[in-house]
Amino acid sequence: MQIVELRSEAEHREALPILRELYPWLDEGRYAELLAEMVDDGYRQFALRNEAGEIVAVAGVAVHVNIYYGRYLYVYDLVVTEGERSKGYGDLLMDQVEDIGRREGCETAALAVSLDREGAQRLYERRGYLKPSYAMRK
């Protein structure tokens, strides 16, 4: 297993099938369009590759600053391909990205998780994430 930062357009495209497990509506054109803006805003993508070099998990994060959190790491995406779940890969990626947040002076790590993703909620709760508020959108 190896965790790598995805930097090239080809590497980001390679992650798309995994991300579609979280965002099934995401097509290649929209992904490229969003990714371009997100990278400009500090978004970074990491992947866990298995022994065969295949991506089995992806995490996307960015460091931001606001009044509520101070300097914080926001985890936008964390997805492990369905056939590889419950093997500790989500924890490995979270260890990596949380370490990046610490090195970049973050006071907090934050994320939002869908109400129907109970396995993901358990992962984050085991890692010490709390539910101090509701994420809302309009």
# chains A, B, ... in the order shown; residues from 1 in each chain; ligands from 1
call {"tool": "select_by_dssp", "arguments": {"residues": "chain A", "states": "strand (DSSP E or B)", "output": "JSON, numbers by chain"}}
result
{"A": [2, 3, 4, 5, 6, 44, 45, 46, 47, 48, 49, 55, 56, 57, 58, 59, 60, 61, 62, 63, 64, 65, 66, 70, 71, 72, 73, 74, 75, 76, 77, 78, 79, 80, 108, 109, 110, 111]}
call {"tool": "select_by_dssp", "arguments": {"residues": "stretch 11-78 of chain A", "states": "alpha helix (DSSP H)", "output": "ChimeraX atom specification"}}
result
/A:11-19,28-40
call {"tool": "closest_residue", "arguments": {"among": "A:Leu130, A:Leu48, A:Leu73, A:Ala120", "to": "A:Tyr89", "atoms": "only C-alpha atoms"}}
result
A:Leu48
call {"tool": "residues_around", "arguments": {"residues": "stretch 23-33 of chain A", "least_positions_apart": "3", "cutoff": "12 Å", "atoms": "only C-alpha atoms", "output": "tab-separated table (two decimals) with N, CA, C and O atoms, in the first residue's frame"}}
result
chain	number	residue	atom	x	y	z
A	8	SER	N	-1.36	15.33	-11.34
A	8	SER	CA	-1.54	15.51	-12.78
A	8	SER	C	-3.00	15.29	-13.18
A	8	SER	O	-3.78	14.66	-12.45
A	9	GLU	N	-3.34	15.79	-14.33
A	9	GLU	CA	-4.69	15.60	-14.87
A	9	GLU	C	-5.00	14.12	-15.03
A	9	GLU	O	-6.09	13.66	-14.70
A	10	ALA	N	-4.02	13.34	-15.49
A	10	ALA	CA	-4.21	11.90	-15.67
A	10	ALA	C	-4.46	11.21	-14.33
A	10	ALA	O	-5.32	10.32	-14.23
A	11	GLU	N	-3.73	11.61	-13.30
A	11	GLU	CA	-3.93	11.01	-11.97
A	11	GLU	C	-5.31	11.35	-11.43
A	11	GLU	O	-5.99	10.49	-10.85
A	12	HIS	N	-5.74	12.58	-11.62
A	12	HIS	CA	-7.08	12.97	-11.16
A	12	HIS	C	-8.16	12.20	-11.90
A	12	HIS	O	-9.14	11.76	-11.29
A	13	ARG	N	-7.98	12.00	-13.20
A	13	ARG	CA	-8.95	11.21	-13.98
A	13	ARG	C	-9.01	9.77	-13.48
A	13	ARG	O	-10.07	9.16	-13.45
A	14	GLU	N	-7.86	9.24	-13.08
A	14	GLU	CA	-7.80	7.88	-12.56
A	14	GLU	C	-8.62	7.73	-11.28
A	14	GLU	O	-9.15	6.65	-10.98
A	15	ALA	N	-8.76	8.80	-10.52
A	15	ALA	CA	-9.52	8.76	-9.27
A	15	ALA	C	-11.02	8.87	-9.50
A	15	ALA	O	-11.81	8.55	-8.60
A	16	LEU	N	-11.45	9.31	-10.67
A	16	LEU	CA	-12.87	9.57	-10.92
A	16	LEU	C	-13.77	8.35	-10.68
A	16	LEU	O	-14.81	8.50	-10.04
A	17	PRO	N	-13.42	7.15	-11.12
A	17	PRO	CA	-14.32	6.02	-10.84
A	17	PRO	C	-14.55	5.78	-9.35
A	17	PRO	O	-15.65	5.41	-8.94
A	18	ILE	N	-13.54	6.03	-8.53
A	18	ILE	CA	-13.70	5.87	-7.09
A	18	ILE	C	-14.61	6.98	-6.56
A	18	ILE	O	-15.54	6.73	-5.78
A	19	LEU	N	-14.38	8.21	-6.99
A	19	LEU	CA	-15.21	9.34	-6.55
A	19	LEU	C	-16.67	9.17	-6.97
A	19	LEU	O	-17.57	9.62	-6.26
A	20	ARG	N	-16.90	8.50	-8.08
A	20	ARG	CA	-18.29	8.28	-8.52
A	20	ARG	C	-19.06	7.39	-7.56
A	20	ARG	O	-20.29	7.39	-7.57
A	36	ALA	N	-10.63	22.15	-11.37
A	36	ALA	CA	-9.78	23.29	-11.71
A	36	ALA	C	-9.99	24.44	-10.71
A	36	ALA	O	-9.03	25.02	-10.22
A	37	GLU	N	-11.23	24.73	-10.40
A	37	GLU	CA	-11.52	25.80	-9.44
A	37	GLU	C	-11.11	25.41	-8.03
A	37	GLU	O	-10.59	26.22	-7.27
A	38	MET	N	-11.35	24.16	-7.68
A	38	MET	CA	-11.03	23.70	-6.32
A	38	MET	C	-9.53	23.72	-6.07
A	38	MET	O	-9.08	24.13	-5.00
A	39	VAL	N	-8.74	23.29	-7.05
A	39	VAL	CA	-7.29	23.30	-6.89
A	39	VAL	C	-6.79	24.73	-6.71
A	39	VAL	O	-5.91	24.99	-5.88
A	40	ASP	N	-7.37	25.67	-7.44
A	40	ASP	CA	-7.01	27.08	-7.26
A	40	ASP	C	-7.31	27.56	-5.84
A	40	ASP	O	-6.69	28.51	-5.36
A	76	TYR	N	-13.10	17.24	2.19
A	76	TYR	CA	-14.23	17.32	1.26
A	76	TYR	C	-14.69	15.94	0.83
A	76	TYR	O	-15.89	15.72	0.64
A	77	ASP	N	-13.76	15.05	0.61
A	77	ASP	CA	-14.09	13.73	0.08
A	77	ASP	C	-13.25	12.68	0.79
A	77	ASP	O	-12.06	12.89	1.02
A	78	LEU	N	-13.86	11.58	1.11
A	78	LEU	CA	-13.14	10.38	1.53
A	78	LEU	C	-13.99	9.21	1.06
A	78	LEU	O	-15.13	9.06	1.49
A	79	VAL	N	-13.44	8.43	0.17
A	79	VAL	CA	-14.20	7.29	-0.34
A	79	VAL	C	-13.24	6.13	-0.57
A	79	VAL	O	-12.15	6.30	-1.10
A	114	SER	N	-22.98	12.58	4.90
A	114	SER	CA	-24.41	12.39	4.65
A	114	SER	C	-25.04	11.57	5.77
A	114	SER	O	-24.42	10.66	6.32
call {"tool": "closest_atom_pairs", "arguments": {"of": "stretch 13-59 of chain A", "to": "stretch 96-101 of chain A", "cutoff": "12 Å", "atoms": "only C-alpha atoms", "output": "tab-separated table"}}
result
residue	atom	partner	partner_atom	distance
A:Tyr43	CA	A:Val97	CA	11.8
A:Arg44	CA	A:Val97	CA	9.6
A:Gln45	CA	A:Val97	CA	9.5
A:Phe46	CA	A:Val97	CA	8.1
A:Ala47	CA	A:Gln96	CA	10.2
A:Leu48	CA	A:Gln96	CA	10.2
A:Val58	CA	A:Val97	CA	10.9
A:Ala59	CA	A:Val97	CA	7.9
call {"tool": "atom_distance", "arguments": {"atom1": "atom CA of A:Met1", "atom2": "atom CA of A:Val61"}}
result
20.3 Å
call {"tool": "closest_atom_pairs", "arguments": {"of": "stretch 82-136 of chain A", "to": "stretch 49-54 of chain A", "cutoff": "12 Å", "atoms": "only C-alpha atoms", "output": "JSON lines"}}
result
{"residue": "A:Glu84", "atom": "CA", "partner": "A:Asn50", "partner_atom": "CA", "distance": 10.0}
{"residue": "A:Lys87", "atom": "CA", "partner": "A:Asn50", "partner_atom": "CA", "distance": 11.8}
{"residue": "A:Tyr89", "atom": "CA", "partner": "A:Arg49", "partner_atom": "CA", "distance": 9.8}
{"residue": "A:Leu92", "atom": "CA", "partner": "A:Arg49", "partner_atom": "CA", "distance": 11.3}
{"residue": "A:Leu93", "atom": "CA", "partner": "A:Arg49", "partner_atom": "CA", "distance": 10.7}
call {"tool": "closest_residue", "arguments": {"among": "A:Cys106, A:Ala57, A:Leu35, A:Met136", "to": "A:Gln2", "atoms": "only C-alpha atoms"}}
result
A:Ala57
call {"tool": "residues_around", "arguments": {"residues": "A:Arg102", "least_positions_apart": "6", "cutoff": "12 Å", "atoms": "only C-alpha atoms", "output": "PyMOL selection string"}}
result
chain A and resi 63+71-73+95-96+108-109
call {"tool": "closest_residue", "arguments": {"among": "A:Leu123, A:Ala110, A:Leu115, A:Leu6", "to": "A:His64", "atoms": "only C-alpha atoms"}}
result
A:Ala110
call {"tool": "atom_distance", "arguments": {"atom1": "atom CA of A:Ile67", "atom2": "atom CA of A:Arg126"}}
result
26.5 Å
call {"tool": "residues_around", "arguments": {"residues": "A:Arg122", "least_positions_apart": "4", "cutoff": "12 Å", "atoms": "only C-alpha atoms", "output": "mmCIF file with C-alpha atoms, in the first residue's frame"}}
result
data_model
loop_
_atom_site.group_PDB
_atom_site.id
_atom_site.type_symbol
_atom_site.label_atom_id
_atom_site.label_comp_id
_atom_site.auth_asym_id
_atom_site.auth_seq_id
_atom_site.Cartn_x
_atom_site.Cartn_y
_atom_site.Cartn_z
ATOM 1 C CA SER A 86 -13.615 -2.253 6.255
ATOM 2 C CA GLY A 90 -10.142 5.103 5.321
ATOM 3 C CA ASP A 91 -8.178 5.358 8.566
ATOM 4 C CA VAL A 113 -21.051 13.381 6.107
ATOM 5 C CA SER A 114 -24.414 12.388 4.655
ATOM 6 C CA LEU A 115 -26.992 11.178 7.138
ATOM 7 C CA ASP A 116 -27.386 7.908 5.221
ATOM 8 C CA ARG A 117 -23.657 7.043 5.276
ATOM 9 C CA GLU A 118 -23.665 5.297 8.637
ATOM 10 C CA ARG A 126 -14.138 6.426 16.216
ATOM 11 C CA ARG A 127 -11.514 8.986 15.203
ATOM 12 C CA GLY A 128 -12.884 11.535 17.683
ATOM 13 C CA TYR A 129 -14.992 13.702 15.369
ATOM 14 C CA LEU A 130 -17.960 15.308 17.115
ATOM 15 C CA LYS A 131 -21.313 16.535 15.799
#
call {"tool": "atom_distance", "arguments": {"atom1": "atom CA of A:Val80", "atom2": "atom CA of A:Gly119"}}
result
11.2 Å
call {"tool": "closest_residue", "arguments": {"among": "A:Arg103, A:Gly42, A:Ile55, A:Gly88", "to": "A:Tyr74", "atoms": "only C-alpha atoms"}}
result
A:Gly42
